[in-house]
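> Here it is, the structure in full.
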Amino acid sequence: KQEVTQIPAALSVPEGENLVLNCSFTDSAIYNLQWFRQDPGKGLTSLLLIQSSQREQTSGRLNASLDKSSGRSTLYIAASQPGDSATYLCAVTANQAGTALIFGKGTTLSVSS
Amino acid sequence: GAGVSQTPSNKVTEKGKYVELRCDPISGHTALYWYRQSLGQGPEFLIYFQGTGAADDSGLPNDRFFAVRPEGSVSTLKIQRTERGDSAVYLCASSLSGGVQETQYFGPGTRLLVL
């Protein structure tokens with residue numbers, strides 16, 4: 001059974017720092033991996049989607065990498081801002097689970113000004 | 001509509017009551033998903049519709065949970081004989097055709113509290 005783990009569970013940084021969020025998954029047979037952002041009381045917003053054949057994706061200050069063979073992904077946030085404060089969720093689409101997403105518990109990020 | 005909408009945004013009910021949660025997906029999206037998110041956890045898959053039919057209902061926890069999508073657009077998640085453990089945020093998502101390469105777009109969720 002596919003399991004997704006995110007470390008750390010919470011992270012606090014001062015504004016301007018570069019930071020890395022980690023995601024690991026137990027079964028390397030995935031179609032893709034996505035990073036989502038969730039603000040309190042709101043739904044999820046997709047940030048980056050990495051196909052299984054890709055190594056990384058970039059959007060603005062965000063860069064996500066994927067090492068499928070080792071079951072790991074990282075989300076790199078450059079020059080963090082207070083507006084980046086949110087919970088970041090990693091999810092995989094596992095081959096055996098159809099198109100349903102399997103999520104980690106998330107990392108709650110707080111960026112102080 | 002511009003995005004996925006869900007109603008109500010909040011629902012408080014008593015143990016043993018019946019509740020219905022509604023999801024209105026992005027227009028033209030044939031794939032629709034329901035997830036449940038408990039406090040401090042990531043969302044957990046419940047059911048996936050392709051058009052009017054439930055293509056995968058393996059995530060429904062028991063037979064108290066049921067979902068329909070009669071016309072291939074709006075979906076309703078129905079919970080019978082609610083229990084306190086059903087308290088969670090119920091999220092709905094849609095995608096264009098359900099392909100594994102597609103992004104799923106999420107609604108704001110319905111926060112269900114069972115007293």
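Here's how to read the names in the structure tokens: chain A, B, ... by the order shown, residue numbers from 1 in each chain, ligand numbers from 1 in the order shown.
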Within 8 Å of chain A, which residues of chain B come that close, and what is the closest atom pair and distance in Å for each? Count only C-alpha atoms and give it as JSON lines.

```
{"residue": "B:Tyr33", "atom": "CA", "partner": "A:Ala100", "partner_atom": "CA", "distance": 7.7}
{"residue": "B:Gly40", "atom": "CA", "partner": "A:Lys105", "partner_atom": "CA", "distance": 6.8}
{"residue": "B:Gln41", "atom": "CA", "partner": "A:Lys105", "partner_atom": "CA", "distance": 4.7}
{"residue": "B:Gly42", "atom": "CA", "partner": "A:Lys105", "partner_atom": "CA", "distance": 4.2}
{"residue": "B:Pro43", "atom": "CA", "partner": "A:Phe103", "partner_atom": "CA", "distance": 6.1}
{"residue": "B:Glu44", "atom": "CA", "partner": "A:Ile102", "partner_atom": "CA", "distance": 6.9}
{"residue": "B:Phe45", "atom": "CA", "partner": "A:Ala100", "partner_atom": "CA", "distance": 6.4}
{"residue": "B:Tyr48", "atom": "CA", "partner": "A:Ala100", "partner_atom": "CA", "distance": 7.3}
{"residue": "B:Asp56", "atom": "CA", "partner": "A:Gly98", "partner_atom": "CA", "distance": 8.0}
{"residue": "B:Leu91", "atom": "CA", "partner": "A:Gly43", "partner_atom": "CA", "distance": 7.3}
{"residue": "B:Gly98", "atom": "CA", "partner": "A:Thr99", "partner_atom": "CA", "distance": 6.7}
{"residue": "B:Gly99", "atom": "CA", "partner": "A:Thr99", "partner_atom": "CA", "distance": 6.9}
{"residue": "B:Val100", "atom": "CA", "partner": "A:Thr99", "partner_atom": "CA", "distance": 5.4}
{"residue": "B:Gln101", "atom": "CA", "partner": "A:Gln51", "partner_atom": "CA", "distance": 7.1}
{"residue": "B:Thr103", "atom": "CA", "partner": "A:Ser46", "partner_atom": "CA", "distance": 7.3}
{"residue": "B:Gln104", "atom": "CA", "partner": "A:Ser46", "partner_atom": "CA", "distance": 7.7}
{"residue": "B:Tyr105", "atom": "CA", "partner": "A:Thr45", "partner_atom": "CA", "distance": 7.2}
{"residue": "B:Phe106", "atom": "CA", "partner": "A:Leu44", "partner_atom": "CA", "distance": 5.6}
{"residue": "B:Gly107", "atom": "CA", "partner": "A:Gly43", "partner_atom": "CA", "distance": 5.3}
{"residue": "B:Pro108", "atom": "CA", "partner": "A:Gly43", "partner_atom": "CA", "distance": 3.9}
{"residue": "B:Gly109", "atom": "CA", "partner": "A:Gly43", "partner_atom": "CA", "distance": 6.0}
```
> Write out as a ChimeraX atom specification the residues lying within 10 Å of Gly51 of chain B, counting only C-alpha atoms and excluding same-chain residues fewer than 4 positions away.
/B:29-32,55,69-73,97-98
> Take the selection from the previous step and output its residues with all heavy atoms, as a tab-separated table (two decimals), in the first residue's frame.

```tsv
chain	number	residue	atom	x	y	z
B	29	HIS	N	-15.97	19.37	-17.02
B	29	HIS	CA	-15.13	18.32	-16.43
B	29	HIS	C	-15.95	17.05	-16.24
B	29	HIS	O	-16.97	17.06	-15.56
B	29	HIS	CB	-14.56	18.79	-15.09
B	29	HIS	CG	-13.39	19.71	-15.23
B	29	HIS	ND1	-12.56	20.02	-14.16
B	29	HIS	CD2	-12.89	20.37	-16.30
B	29	HIS	CE1	-11.61	20.84	-14.60
B	29	HIS	NE2	-11.80	21.08	-15.88
B	30	THR	N	-15.44	15.96	-16.80
B	30	THR	CA	-16.18	14.70	-16.67
B	30	THR	C	-15.79	13.92	-15.43
B	30	THR	O	-16.53	13.07	-14.97
B	30	THR	CB	-15.96	13.81	-17.90
B	30	THR	OG1	-14.58	13.47	-17.99
B	30	THR	CG2	-16.39	14.53	-19.18
B	31	ALA	N	-14.60	14.19	-14.90
B	31	ALA	CA	-14.12	13.45	-13.72
B	31	ALA	C	-14.39	14.26	-12.45
B	31	ALA	O	-14.13	15.47	-12.41
B	31	ALA	CB	-12.62	13.17	-13.84
B	32	LEU	N	-14.89	13.57	-11.43
B	32	LEU	CA	-15.20	14.22	-10.16
B	32	LEU	C	-14.77	13.30	-9.03
B	32	LEU	O	-14.99	12.08	-9.07
B	32	LEU	CB	-16.70	14.52	-10.07
B	32	LEU	CG	-17.18	15.31	-8.84
B	32	LEU	CD1	-18.35	16.21	-9.22
B	32	LEU	CD2	-17.53	14.41	-7.68
B	55	ALA	N	-16.59	5.21	-10.95
B	55	ALA	CA	-15.54	4.36	-11.51
B	55	ALA	C	-14.70	3.70	-10.42
B	55	ALA	O	-14.10	2.64	-10.64
B	55	ALA	CB	-14.63	5.18	-12.42
B	69	ARG	N	-24.18	11.06	-8.99
B	69	ARG	CA	-23.91	12.13	-9.96
B	69	ARG	C	-24.83	11.86	-11.16
B	69	ARG	O	-24.37	11.49	-12.23
B	69	ARG	CB	-22.43	12.10	-10.37
B	69	ARG	CG	-21.98	13.36	-11.09
B	69	ARG	CD	-20.55	13.22	-11.58
B	69	ARG	NE	-20.07	14.46	-12.16
B	69	ARG	CZ	-19.03	14.53	-12.98
B	69	ARG	NH1	-18.36	13.44	-13.30
B	69	ARG	NH2	-18.64	15.69	-13.47
B	70	PRO	N	-26.11	12.03	-10.98
B	70	PRO	CA	-27.11	11.54	-11.94
B	70	PRO	C	-27.03	12.11	-13.34
B	70	PRO	O	-27.39	11.43	-14.30
B	70	PRO	CB	-28.44	11.90	-11.27
B	70	PRO	CG	-28.11	12.99	-10.31
B	70	PRO	CD	-26.72	12.72	-9.84
B	71	GLU	N	-26.57	13.35	-13.49
B	71	GLU	CA	-26.53	13.95	-14.81
B	71	GLU	C	-25.11	14.24	-15.27
B	71	GLU	O	-24.89	14.95	-16.26
B	71	GLU	CB	-27.38	15.23	-14.83
B	71	GLU	CG	-28.85	14.96	-14.54
B	71	GLU	CD	-29.69	16.23	-14.54
B	71	GLU	OE1	-29.10	17.32	-14.71
B	71	GLU	OE2	-30.90	16.12	-14.35
B	72	GLY	N	-24.14	13.71	-14.54
B	72	GLY	CA	-22.75	13.86	-14.95
B	72	GLY	C	-22.15	15.21	-14.65
B	72	GLY	O	-21.05	15.52	-15.14
B	73	SER	N	-22.84	16.02	-13.84
B	73	SER	CA	-22.24	17.29	-13.44
B	73	SER	C	-22.23	17.38	-11.92
B	73	SER	O	-21.28	16.90	-11.30
B	73	SER	CB	-22.98	18.47	-14.06
B	73	SER	OG	-24.36	18.41	-13.76
B	97	SER	N	-10.88	15.07	-17.79
B	97	SER	CA	-11.36	13.77	-18.26
B	97	SER	C	-10.88	12.61	-17.40
B	97	SER	O	-11.07	11.46	-17.76
B	97	SER	CB	-10.93	13.54	-19.71
B	97	SER	OG	-9.52	13.57	-19.81
B	98	GLY	N	-10.22	12.92	-16.28
B	98	GLY	CA	-9.78	11.85	-15.39
B	98	GLY	C	-8.45	11.24	-15.75
B	98	GLY	O	-8.05	10.23	-15.17
```
> Please, what distance in Å, to one decimal, runs between atom CA of Asp63 of chain B and atom CA of Gln6 of chain B?
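Computed distance, atom CA of Asp63 of chain B to atom CA of Gln6 of chain B, equals 22.7 Å.
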> How would you write, as a list in words, the set of residues in chain A that DSSP gives as helix (DSSP H, G or I)?
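Taking chain A and keeping helix (DSSP H, G or I) only, one gets Pro82, Gly83, Asp84, Asn95, Gln96 and Ala97 of chain A.
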> Write to file, as a CSV table (one decimal), in the first residue's frame, the residues of the selection just made, with all heavy atoms.

```csv
chain,number,residue,atom,x,y,z
A,82,PRO,N,6.0,36.3,3.7
A,82,PRO,CA,4.9,36.0,4.7
A,82,PRO,C,3.7,35.4,3.9
A,82,PRO,O,3.0,34.5,4.5
A,82,PRO,CB,4.6,37.3,5.3
A,82,PRO,CG,5.9,38.1,5.3
A,82,PRO,CD,6.6,37.7,4.0
A,83,GLY,N,3.5,35.8,2.7
A,83,GLY,CA,2.4,35.3,1.9
A,83,GLY,C,2.5,33.8,1.6
A,83,GLY,O,1.6,33.2,1.1
A,84,ASP,N,3.7,33.2,1.8
A,84,ASP,CA,3.9,31.8,1.5
A,84,ASP,C,3.4,31.0,2.7
A,84,ASP,O,3.4,29.7,2.6
A,84,ASP,CB,5.4,31.5,1.3
A,84,ASP,CG,6.0,32.2,0.1
A,84,ASP,OD1,5.2,32.4,-0.9
A,84,ASP,OD2,7.2,32.5,0.1
A,95,ASN,N,-0.1,4.0,-9.6
A,95,ASN,CA,-0.5,3.2,-10.7
A,95,ASN,C,-1.7,2.3,-10.3
A,95,ASN,O,-2.6,2.1,-11.1
A,95,ASN,CB,0.6,2.3,-11.3
A,95,ASN,CG,1.7,3.2,-11.9
A,95,ASN,OD1,1.5,4.4,-12.1
A,95,ASN,ND2,2.8,2.6,-12.2
A,96,GLN,N,-1.6,1.7,-9.1
A,96,GLN,CA,-2.6,0.8,-8.7
A,96,GLN,C,-3.9,1.4,-8.2
A,96,GLN,O,-4.8,0.7,-7.8
A,96,GLN,CB,-2.0,-0.2,-7.7
A,96,GLN,CG,-0.9,-1.1,-8.3
A,96,GLN,CD,-0.4,-2.1,-7.3
A,96,GLN,OE1,-0.8,-2.1,-6.1
A,96,GLN,NE2,0.6,-2.9,-7.7
A,97,ALA,N,-3.9,2.7,-8.1
A,97,ALA,CA,-5.0,3.4,-7.4
A,97,ALA,C,-5.8,4.2,-8.4
A,97,ALA,O,-6.6,5.1,-8.0
A,97,ALA,CB,-4.6,4.2,-6.3
```
> Can you work out which one of B:Ser9, B:Arg111, B:Val19, B:Thr52 has the shortest atom-to-atom distance to Phe66 of chain B, counting only C-alpha atoms?
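Smallest separation from Phe66 of chain B among the options: B:Val19.
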> Please list as a PyMOL selection string every residue within 8 Å of Glu83 of chain B, counting only C-alpha atoms and excluding residues in the same chain fewer than 4 positions away.
chain B and resi 15-16+87+114
> I need the chosen residues saved as a short mmCIF file (atom, residue, chain, number, x, y, z; two decimals), in the first residue's frame, with N, CA, C and O atoms.

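Below is the file out_34.cif, written as the result:
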```
data_model
loop_
_atom_site.label_atom_id
_atom_site.label_comp_id
_atom_site.auth_asym_id
_atom_site.auth_seq_id
_atom_site.Cartn_x
_atom_site.Cartn_y
_atom_site.Cartn_z
N LYS B 15 -25.57 13.38 16.01
CA LYS B 15 -25.30 11.96 15.77
C LYS B 15 -26.59 11.23 15.39
O LYS B 15 -27.63 11.44 16.00
N GLY B 16 -26.48 10.40 14.34
CA GLY B 16 -27.63 9.63 13.89
C GLY B 16 -28.42 10.27 12.77
O GLY B 16 -29.24 9.61 12.13
N SER B 87 -16.95 13.59 11.49
CA SER B 87 -16.58 15.01 11.49
C SER B 87 -15.25 15.20 10.76
O SER B 87 -14.24 14.58 11.09
N VAL B 114 -20.26 16.65 13.58
CA VAL B 114 -21.32 15.78 14.13
C VAL B 114 -21.23 15.83 15.65
O VAL B 114 -20.21 15.44 16.23
#
```
> Between atom CA of Val13 of chain A and atom CA of Ser65 of chain A, measure the distance and give it in Å to one decimal.
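Straight-line distance from atom CA of Val13 of chain A to atom CA of Ser65 of chain A works out to 21.3 Å.
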> What residues in segment 49-100 of chain A get the DSSP label strand (DSSP E or B)? Please answer as a list in words.
Leu49, Ile50, Gln51, Glu56, Gln57, Thr58, Ser59, Leu62, Asn63, Ala64, Ser65, Leu66, Asp67, Arg72, Ser73, Thr74, Leu75, Tyr76, Ile77, Ala86, Thr87, Tyr88, Leu89, Cys90, Ala91, Val92, Thr93 and Ala94 of chain A
> Please produce a file of those selected residues containing C-alpha atoms, as a PDB file, in the first residue's frame.

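As a result, again_7.pdb now contains:
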```pdb
ATOM      1  CA  LEU A  49       2.854  18.605 -11.142  1.00  0.00           C
ATOM      2  CA  ILE A  50       5.819  16.384 -12.026  1.00  0.00           C
ATOM      3  CA  GLN A  51       5.232  13.498 -14.396  1.00  0.00           C
ATOM      4  CA  GLU A  56      11.825  18.662 -11.867  1.00  0.00           C
ATOM      5  CA  GLN A  57       9.358  21.450 -12.482  1.00  0.00           C
ATOM      6  CA  THR A  58       9.694  25.173 -11.804  1.00  0.00           C
ATOM      7  CA  SER A  59       7.157  27.918 -11.305  1.00  0.00           C
ATOM      8  CA  LEU A  62       9.113  27.300  -6.554  1.00  0.00           C
ATOM      9  CA  ASN A  63      11.103  24.327  -7.763  1.00  0.00           C
ATOM     10  CA  ALA A  64      10.038  20.736  -7.249  1.00  0.00           C
ATOM     11  CA  SER A  65      12.266  17.752  -7.884  1.00  0.00           C
ATOM     12  CA  LEU A  66      11.435  14.079  -8.193  1.00  0.00           C
ATOM     13  CA  ASP A  67      13.667  11.047  -7.661  1.00  0.00           C
ATOM     14  CA  ARG A  72      11.591  11.215  -2.804  1.00  0.00           C
ATOM     15  CA  SER A  73      10.554  14.694  -3.828  1.00  0.00           C
ATOM     16  CA  THR A  74      11.540  18.108  -2.567  1.00  0.00           C
ATOM     17  CA  LEU A  75       9.842  21.475  -2.877  1.00  0.00           C
ATOM     18  CA  TYR A  76      12.289  24.353  -2.843  1.00  0.00           C
ATOM     19  CA  ILE A  77      10.957  27.826  -2.054  1.00  0.00           C
ATOM     20  CA  ALA A  86       0.291  27.864   4.417  1.00  0.00           C
ATOM     21  CA  THR A  87       0.214  24.086   4.574  1.00  0.00           C
ATOM     22  CA  TYR A  88       1.999  22.351   1.713  1.00  0.00           C
ATOM     23  CA  LEU A  89       0.761  18.917   0.700  1.00  0.00           C
ATOM     24  CA  CYS A  90       2.481  16.346  -1.449  1.00  0.00           C
ATOM     25  CA  ALA A  91       0.393  13.779  -3.350  1.00  0.00           C
ATOM     26  CA  VAL A  92       1.101  10.921  -5.729  1.00  0.00           C
ATOM     27  CA  THR A  93      -1.042   9.232  -8.329  1.00  0.00           C
ATOM     28  CA  ALA A  94      -0.240   5.596  -7.801  1.00  0.00           C
TER      29      ALA A  94
END
```
> Which residue out of B:Ser58, B:Thr13, B:Thr82, B:Ser95 has the minimum interatomic distance to Leu115 of chain B when only C-alpha atoms are used?
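Closest to Leu115 of chain B, using only C-alpha atoms: B:Thr13.
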